[in-house]
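**Q** Handing you a structure now.
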Amino acid sequence: MIRKENDLGVLRKIAFLFILSLGILVGCDTVPEPVPEPDPEDKQAPASVQAVNEFIEMVMNDVYYWYATVPDIDIRYEFDSKAYFEKLKNEEDRFSWVTDDIKKQDESQQEGKETSYGWSLAFGKFSDTGTIFALVEYVYPETPAAKAGFKRGDMIFEMNGADILENNYTDLLFSSSMSCTFGQYVSGGIENVQTVNMTALELILDPVMLTQIIEHEGRKIGYLFYTQFIGKFNTSLDNAFQYFQENQIDDLVLDVRYNPGGGINSAQYLASSLAPLNVVNDKSVLVRFKWNDKYQDYWQQNNRQDQLVVNFVDTTVFKLGLTNLYVITGQGTASAPELVISGLKPYMSVKTVGETTSGKFQASITMRPEFYYTNPTDYKDFENWAVQPIVLEYTNSTSESFSEGIVADIPVEDDLWSPFQLGDKREPMLKAAIEYIAGGEVMAATKSAVKVDRPHTIFDRGFSKFDDIKGNLLIDSFDGADLVKK
């Protein structure tokens with residue numbers, strides 16, 4: 001018995017050891033792999049930056065005209081959202097932008113509100129000395145610059161008691177306060193030298209800046225200097241057209257040499273106020289849109305003509321019903337004024353005087369986070385961000401596009417050294433337009449004495465830190481509900 005019990009105990013021990021060893025073997029198969037330590041070199045952008053990057057990525061892969069060429073970049077490792085946006089742009093894209101302060105930019109683009117001195121400047125450099133200077137292009141009335149005595153053609157050659165440099169010349173536009181020294185350049189030097197102090201103010205600037213009638217050889221010529229397309233100021237256009245209509249002008253000169261553009265609706269309004277009456281009453285085609293393939297197909301399948309064609313409208317307050325229009329253009333003429341010129345060309349005689357325009361025959365939309373996120377808490381940390389992507393190209397009703405710019409029919413250089421102010425019939429560009437209207441030989445000078453006396457180049461110009469934004473042809477009629485849902 002004792003032996004049997006011992007044998008049984010041995011058997012039990014063997015069985016126990018077998019089960020234990022089997023359990024150990026099974027357990028080895030289920031033990032999780034050890035979690036590796038984080039790679040100190042694998043540094044990712046903060047979650048807040050990644051959230052902005054995600055928003056930008058969604059926009060560019062959706063409505064962007066060149067969405068098919070957008071590179072696949074890991075947003076986790078993009079620490080600068082604005083730099084990341086630039087990496088996504090197509091090489092043909094000159095105009096798309098992103099901002100982290102859409103509120104201020106909306107105020108500028110849609111309301112004409114600016115913190116500004118109230119002037120537009122061209123920046124130049126003398127070839128022999130390299131000295132940088134600024135020339136005043138125009139000054140809004142009742143602004144700090146106007147009250148300081150600045151006028152078109154004044155040359156600014158010192159800022160805050162020192163030379164103007166390549167790394168600070170934009171302070172003449174963007175600083176909050178400064179002193180500057182200016183005068184009029186004449187052969188051999190600068191005369192009427194003055195130094196003034198100015199403080200920038202928040203201003204609301206009406207782009208219908210100058211309206212007048214010029215009488216020349218028995219003709220009444222209306223002149224309109226227009227600086228930006230802002231729908232809020234269409235009533236100012238109405239006032240100008242009423243003035244022209246009441247005075248029974250024979251011809252109209254539209255000066256948009258410094259006009260960077262604005263909203264499509266205001267361009268439609270201006271064109272409809274000028275065009276022949278039958279074109280307006282028939283609501284003829286002003287321009288046609290071409291979106292990226294998925295949006296073009298979507299609009300066509302859903303018969304969304306409002307997103308494919310812009311027509312003339314018959315609801316403008318005044319209809320001048322012109323058959324001839326003369327437009328003064330410059331290198332700064334872009335988007336909306338180009339749309340008006342090209343859109344009118346199939347229906348009436350439109351002659352341009354001045355310089356070749358920018359060639360911006362593309363339009364954009366302000367894409368906001370709320371277009372893509374249904375819950376406001378999902379974007380509350382970046383609600384002031386927006387992407388302004390190019391979303392379409394356009395042609396006029398005869399399928400013409402002027403992507404290289406509209407070449408002036410009567411070429412004349414913009415001479416800021418001329419002593420004559422805008423609206424003066426002796427100012428070179430306006431002088432050329434008047435001479436052309438009168439049917440005589442165009443004798444407007446294209447070279448000034450200063451250009452010969454002191455060779456120089458104009459390398460930049462501007463009015464506002466939002467100049468690039470103003471140059472966008474903005475689609476006013478698009479909102480989040482128009483996104484293609486796929």
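Residue numbering restarts at 1 for every chain of the structure tokens, chains are lettered A, B, ... in their displayed order, and ligands are numbered from 1 as they appear.
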So which residues touch range 351-357 of chain A within 8 Å, counting only C-alpha atoms, skipping near sequence neighbours fewer than 3 positions away, as a PDB file with C-alpha atoms, in the first residue's frame?
**A**
ATOM      1  CA  ARG A 257      -4.580 101.509 -63.056  1.00  0.00           C
ATOM      2  CA  ASN A 324     -17.637 102.851 -76.159  1.00  0.00           C
ATOM      3  CA  LEU A 325     -15.534 102.636 -73.022  1.00  0.00           C
ATOM      4  CA  TYR A 326     -11.963 103.784 -72.385  1.00  0.00           C
ATOM      5  CA  VAL A 327     -10.109 102.114 -69.521  1.00  0.00           C
ATOM      6  CA  ILE A 328      -6.807 103.272 -68.016  1.00  0.00           C
ATOM      7  CA  THR A 329      -4.828 100.213 -66.939  1.00  0.00           C
ATOM      8  CA  GLY A 330      -1.541  99.526 -65.174  1.00  0.00           C
ATOM      9  CA  GLN A 331       0.564  96.654 -63.927  1.00  0.00           C
ATOM     10  CA  GLY A 332      -1.507  96.719 -60.727  1.00  0.00           C
ATOM     11  CA  THR A 333      -4.793  96.190 -62.591  1.00  0.00           C
ATOM     12  CA  ALA A 334      -5.907  92.664 -61.668  1.00  0.00           C
ATOM     13  CA  GLU A 338      -9.838  92.509 -65.919  1.00  0.00           C
ATOM     14  CA  GLY A 405      -2.629  90.198 -69.219  1.00  0.00           C
ATOM     15  CA  ILE A 406      -4.630  92.615 -71.327  1.00  0.00           C
ATOM     16  CA  VAL A 407      -2.189  94.476 -73.554  1.00  0.00           C
ATOM     17  CA  ALA A 408      -2.950  98.188 -73.773  1.00  0.00           C
ATOM     18  CA  ASP A 409      -4.369  99.385 -77.081  1.00  0.00           C
ATOM     19  CA  ILE A 410      -2.652 102.718 -76.474  1.00  0.00           C
ATOM     20  CA  PRO A 411       0.572 102.012 -74.511  1.00  0.00           C
ATOM     21  CA  VAL A 412       1.566 104.778 -72.087  1.00  0.00           C
ATOM     22  CA  GLU A 413       3.821 104.487 -69.034  1.00  0.00           C
ATOM     23  CA  ASP A 414       2.532 105.625 -65.665  1.00  0.00           C
ATOM     24  CA  MET A 429      -2.346 108.442 -69.182  1.00  0.00           C
ATOM     25  CA  ALA A 432      -3.550 109.891 -74.045  1.00  0.00           C
ATOM     26  CA  ALA A 433      -7.125 108.677 -73.471  1.00  0.00           C
TER      27      ALA A 433
END
**Q** Run DSSP on the backbone and grab whatever in range 194-319 of chain A lands in strand (DSSP E); send it over as an NGL selection string.
**A** :A and (194-199 or 201-204 or 208-216 or 219-226 or 251-255 or 285-291 or 309-311)
**Q** Mind checking which residues fall within 10 Å of Lys425 in chain A, counting only C-alpha atoms, ignoring those fewer than 4 positions away in the same chain, and posting them as a ChimeraX atom specification?
**A** /A:214-216,223,420-421,429-435
**Q** How far is it from CA of Ile213 in chain A to CA of Phe225 in chain A, in Å with one decimal?
**A**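 Here the two named atoms are 11.8 Å from each other.
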**Q** Of the candidates A:Phe126, A:Val391, A:Asn192, A:Thr235, which one gets nearest to Asp293 in chain A if we count only C-alpha atoms?
**A**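 Between A:Phe126, A:Val391, A:Asn192, A:Thr235, the residue approaching Asp293 in chain A most closely is A:Val391.
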**Q** Among range 51-216 of chain A, which residues carry a DSSP assignment of alpha helix (DSSP H), reported as a VMD selection string?
**A** chain A and resid 51 to 60 81 to 88 102 to 111 144 to 147 171 to 174
**Q** Go ahead and write the residues just picked, N, CA and C atoms, as an mmCIF file, in the first residue's frame.
**A**
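Output file result_35.cif follows:
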data_model
loop_
_atom_site.group_PDB
_atom_site.id
_atom_site.type_symbol
_atom_site.label_atom_id
_atom_site.label_comp_id
_atom_site.auth_asym_id
_atom_site.auth_seq_id
_atom_site.Cartn_x
_atom_site.Cartn_y
_atom_site.Cartn_z
ATOM 1 N N ALA A 51 -4.261 70.367 -36.112
ATOM 2 C CA ALA A 51 -5.673 70.627 -36.410
ATOM 3 C C ALA A 51 -5.810 71.639 -37.545
ATOM 4 N N VAL A 52 -4.988 72.687 -37.511
ATOM 5 C CA VAL A 52 -5.002 73.671 -38.595
ATOM 6 C C VAL A 52 -4.544 73.018 -39.897
ATOM 7 N N ASN A 53 -3.487 72.222 -39.804
ATOM 8 C CA ASN A 53 -2.982 71.523 -40.993
ATOM 9 C C ASN A 53 -4.062 70.636 -41.618
ATOM 10 N N GLU A 54 -4.832 69.974 -40.759
ATOM 11 C CA GLU A 54 -5.899 69.100 -41.258
ATOM 12 C C GLU A 54 -6.939 69.906 -42.022
ATOM 13 N N PHE A 55 -7.296 71.064 -41.489
ATOM 14 C CA PHE A 55 -8.259 71.946 -42.166
ATOM 15 C C PHE A 55 -7.724 72.379 -43.527
ATOM 16 N N ILE A 56 -6.474 72.804 -43.569
ATOM 17 C CA ILE A 56 -5.863 73.228 -44.827
ATOM 18 C C ILE A 56 -5.854 72.078 -45.827
ATOM 19 N N GLU A 57 -5.495 70.880 -45.343
ATOM 20 C CA GLU A 57 -5.432 69.698 -46.209
ATOM 21 C C GLU A 57 -6.805 69.398 -46.809
ATOM 22 N N MET A 58 -7.863 69.513 -46.006
ATOM 23 C CA MET A 58 -9.209 69.237 -46.505
ATOM 24 C C MET A 58 -9.593 70.197 -47.619
ATOM 25 N N VAL A 59 -9.294 71.477 -47.405
ATOM 26 C CA VAL A 59 -9.632 72.481 -48.421
ATOM 27 C C VAL A 59 -8.904 72.196 -49.726
ATOM 28 N N MET A 60 -7.605 71.980 -49.630
ATOM 29 C CA MET A 60 -6.787 71.849 -50.838
ATOM 30 C C MET A 60 -7.077 70.561 -51.599
ATOM 31 N N SER A 81 2.004 76.045 -40.149
ATOM 32 C CA SER A 81 0.857 75.779 -41.020
ATOM 33 C C SER A 81 0.899 76.612 -42.295
ATOM 34 N N LYS A 82 1.404 77.834 -42.216
ATOM 35 C CA LYS A 82 1.482 78.668 -43.418
ATOM 36 C C LYS A 82 2.524 78.126 -44.387
ATOM 37 N N ALA A 83 3.643 77.646 -43.836
ATOM 38 C CA ALA A 83 4.666 77.038 -44.691
ATOM 39 C C ALA A 83 4.141 75.737 -45.300
ATOM 40 N N TYR A 84 3.383 74.987 -44.517
ATOM 41 C CA TYR A 84 2.778 73.750 -45.026
ATOM 42 C C TYR A 84 1.845 74.057 -46.202
ATOM 43 N N PHE A 85 1.056 75.114 -46.069
ATOM 44 C CA PHE A 85 0.154 75.506 -47.160
ATOM 45 C C PHE A 85 0.925 75.789 -48.445
ATOM 46 N N GLU A 86 2.049 76.476 -48.321
ATOM 47 C CA GLU A 86 2.838 76.805 -49.520
ATOM 48 C C GLU A 86 3.342 75.541 -50.215
ATOM 49 N N LYS A 87 3.614 74.504 -49.445
ATOM 50 C CA LYS A 87 4.090 73.250 -50.035
ATOM 51 C C LYS A 87 3.003 72.565 -50.874
ATOM 52 N N LEU A 88 1.747 72.869 -50.587
ATOM 53 C CA LEU A 88 0.639 72.226 -51.276
ATOM 54 C C LEU A 88 0.272 72.919 -52.580
ATOM 55 N N ILE A 102 -8.689 86.139 -40.428
ATOM 56 C CA ILE A 102 -9.644 86.425 -41.503
ATOM 57 C C ILE A 102 -10.549 87.593 -41.139
ATOM 58 N N LYS A 103 -10.740 87.859 -39.873
ATOM 59 C CA LYS A 103 -11.622 88.966 -39.477
ATOM 60 C C LYS A 103 -11.091 90.298 -40.005
ATOM 61 N N LYS A 104 -9.806 90.559 -39.785
ATOM 62 C CA LYS A 104 -9.217 91.818 -40.256
ATOM 63 C C LYS A 104 -9.213 91.887 -41.776
ATOM 64 N N GLN A 105 -8.972 90.765 -42.399
ATOM 65 C CA GLN A 105 -8.910 90.757 -43.853
ATOM 66 C C GLN A 105 -10.295 90.927 -44.471
ATOM 67 N N ASP A 106 -11.316 90.392 -43.817
ATOM 68 C CA ASP A 106 -12.685 90.629 -44.272
ATOM 69 C C ASP A 106 -13.033 92.107 -44.189
ATOM 70 N N GLU A 107 -12.590 92.749 -43.112
ATOM 71 C CA GLU A 107 -12.870 94.175 -42.960
ATOM 72 C C GLU A 107 -12.261 94.975 -44.101
ATOM 73 N N SER A 108 -11.057 94.577 -44.501
ATOM 74 C CA SER A 108 -10.397 95.280 -45.599
ATOM 75 C C SER A 108 -11.076 94.993 -46.923
ATOM 76 N N GLN A 109 -11.326 93.711 -47.199
ATOM 77 C CA GLN A 109 -11.803 93.289 -48.508
ATOM 78 C C GLN A 109 -13.277 93.587 -48.719
ATOM 79 N N GLN A 110 -14.087 93.511 -47.664
ATOM 80 C CA GLN A 110 -15.528 93.631 -47.826
ATOM 81 C C GLN A 110 -16.097 94.952 -47.326
ATOM 82 N N GLU A 111 -15.360 95.623 -46.451
ATOM 83 C CA GLU A 111 -15.892 96.855 -45.882
ATOM 84 C C GLU A 111 -15.032 98.082 -46.174
ATOM 85 N N PRO A 144 -4.664 110.714 -42.712
ATOM 86 C CA PRO A 144 -3.428 111.291 -42.162
ATOM 87 C C PRO A 144 -2.472 111.787 -43.240
ATOM 88 N N ALA A 145 -2.324 111.056 -44.340
ATOM 89 C CA ALA A 145 -1.410 111.483 -45.403
ATOM 90 C C ALA A 145 -1.909 112.757 -46.072
ATOM 91 N N ALA A 146 -3.221 112.845 -46.305
ATOM 92 C CA ALA A 146 -3.786 114.043 -46.928
ATOM 93 C C ALA A 146 -3.614 115.252 -46.021
ATOM 94 N N LYS A 147 -3.864 115.071 -44.737
ATOM 95 C CA LYS A 147 -3.755 116.186 -43.796
ATOM 96 C C LYS A 147 -2.304 116.610 -43.603
ATOM 97 N N ASP A 171 7.460 99.728 -43.834
ATOM 98 C CA ASP A 171 6.978 100.470 -42.663
ATOM 99 C C ASP A 171 6.227 101.729 -43.090
ATOM 100 N N LEU A 172 6.532 102.226 -44.290
ATOM 101 C CA LEU A 172 5.802 103.382 -44.793
ATOM 102 C C LEU A 172 4.319 103.061 -45.012
ATOM 103 N N LEU A 173 3.992 101.776 -45.103
ATOM 104 C CA LEU A 173 2.606 101.350 -45.261
ATOM 105 C C LEU A 173 2.022 100.772 -43.978
ATOM 106 N N PHE A 174 2.837 100.024 -43.231
ATOM 107 C CA PHE A 174 2.284 99.176 -42.180
ATOM 108 C C PHE A 174 2.523 99.663 -40.751
#
**Q** Find the residue from A:Thr170, A:Asn61, A:Met367, A:Pro260 that sits nearest to Ile73 in chain A; use only C-alpha atoms when measuring.
**A** A:Asn61
**Q** Closest to Glu92 in chain A among A:Gln362, A:Phe371, A:Ser349, A:Leu344, using only C-alpha atoms?
**A**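 Under the stated criterion, the closest residue is A:Gln362.
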**Q** Would you list the contacts of Phe459 in chain A as a PyMOL selection string, taking every protein, DNA or RNA residue within 8 Å and counting only C-alpha atoms, but skipping same-chain residues closer than 6 positions in sequence?
**A** chain A and resi 122-125
**Q** Which polymer residues have any atom within 10 Å of an atom of Ala134 in chain A, counting only C-alpha atoms, with same-chain residues fewer than 3 positions away left out, as a PyMOL selection string?
**A** chain A and resi 120-125+137+153-158+164+169-170+172+182+458+460-461
**Q** Compare A:Phe478, A:Ala240, A:Arg94, A:Ile221 by their minimum atom-to-atom distance to Arg304 in chain A, counting only C-alpha atoms, and give me the closest one.
**A**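 With only C-alpha atoms as the atom set, the closest residue is A:Phe478.
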**Q** For Gly262 in chain A, list every protein, DNA or RNA residue within 6 Å, evaluated using only C-alpha atoms, and leave out those in the same chain fewer than 5 positions away; present the list as a VMD selection string.
**A** chain A and resid 229 336 470 473 to 474
**Q** Of the residues A:Asn160, A:Thr377, A:Ser272, A:Phe361, which is the one nearest to Tyr347 in chain A, using only C-alpha atoms?
**A**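 Once distances to Tyr347 in chain A are computed over only C-alpha atoms, the minimum belongs to A:Ser272.
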**Q** Give me, please, the distance in Å between CA of Ser335 in chain A and CA of Lys290 in chain A, quoted to one decimal.
**A**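 Interatomic distance, CA of Ser335 in chain A to CA of Lys290 in chain A: 15.4 Å.
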**Q** Can you pull out every residue within 12 Å of Trp299 in chain A, counting only C-alpha atoms, but drop anything in the same chain fewer than 6 positions away, and send it as a PyMOL selection string?
**A** chain A and resi 289-293+305-309+482-484
**Q** Just to be explicit: take each residue in the selection above, keep C-alpha atoms, and write the result as a PDB file, in the first residue's frame.
**A**
ATOM      1  CA  PHE A 289     -16.456  79.557 -65.071  1.00  0.00           C
ATOM      2  CA  LYS A 290     -14.329  76.422 -65.279  1.00  0.00           C
ATOM      3  CA  TRP A 291     -13.859  74.645 -61.917  1.00  0.00           C
ATOM      4  CA  ASN A 292     -11.845  71.538 -61.136  1.00  0.00           C
ATOM      5  CA  ASP A 293     -13.326  68.406 -62.699  1.00  0.00           C
ATOM      6  CA  GLN A 305     -25.906  77.795 -63.582  1.00  0.00           C
ATOM      7  CA  ASP A 306     -25.241  80.286 -60.789  1.00  0.00           C
ATOM      8  CA  GLN A 307     -21.875  78.539 -60.308  1.00  0.00           C
ATOM      9  CA  LEU A 308     -21.079  78.173 -64.001  1.00  0.00           C
ATOM     10  CA  VAL A 309     -22.008  81.523 -65.544  1.00  0.00           C
ATOM     11  CA  ASP A 482     -22.262  74.440 -51.720  1.00  0.00           C
ATOM     12  CA  LEU A 483     -19.514  71.943 -50.907  1.00  0.00           C
ATOM     13  CA  VAL A 484     -19.584  68.792 -52.976  1.00  0.00           C
TER      14      VAL A 484
END
**Q** Let me make sure I understand: among A:Arg426, A:Thr457, A:Ile475, A:Lys89, which one has the smallest atom-to-atom distance to Gln268 in chain A if we use only C-alpha atoms?
**A**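 Closest residue, counting only C-alpha atoms: A:Ile475.
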**Q** Can you work out the spacing between CA of Leu286 in chain A and CA of Leu224 in chain A in Å, to one decimal?
**A**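 Interatomic distance, CA of Leu286 in chain A to CA of Leu224 in chain A: 21.6 Å.
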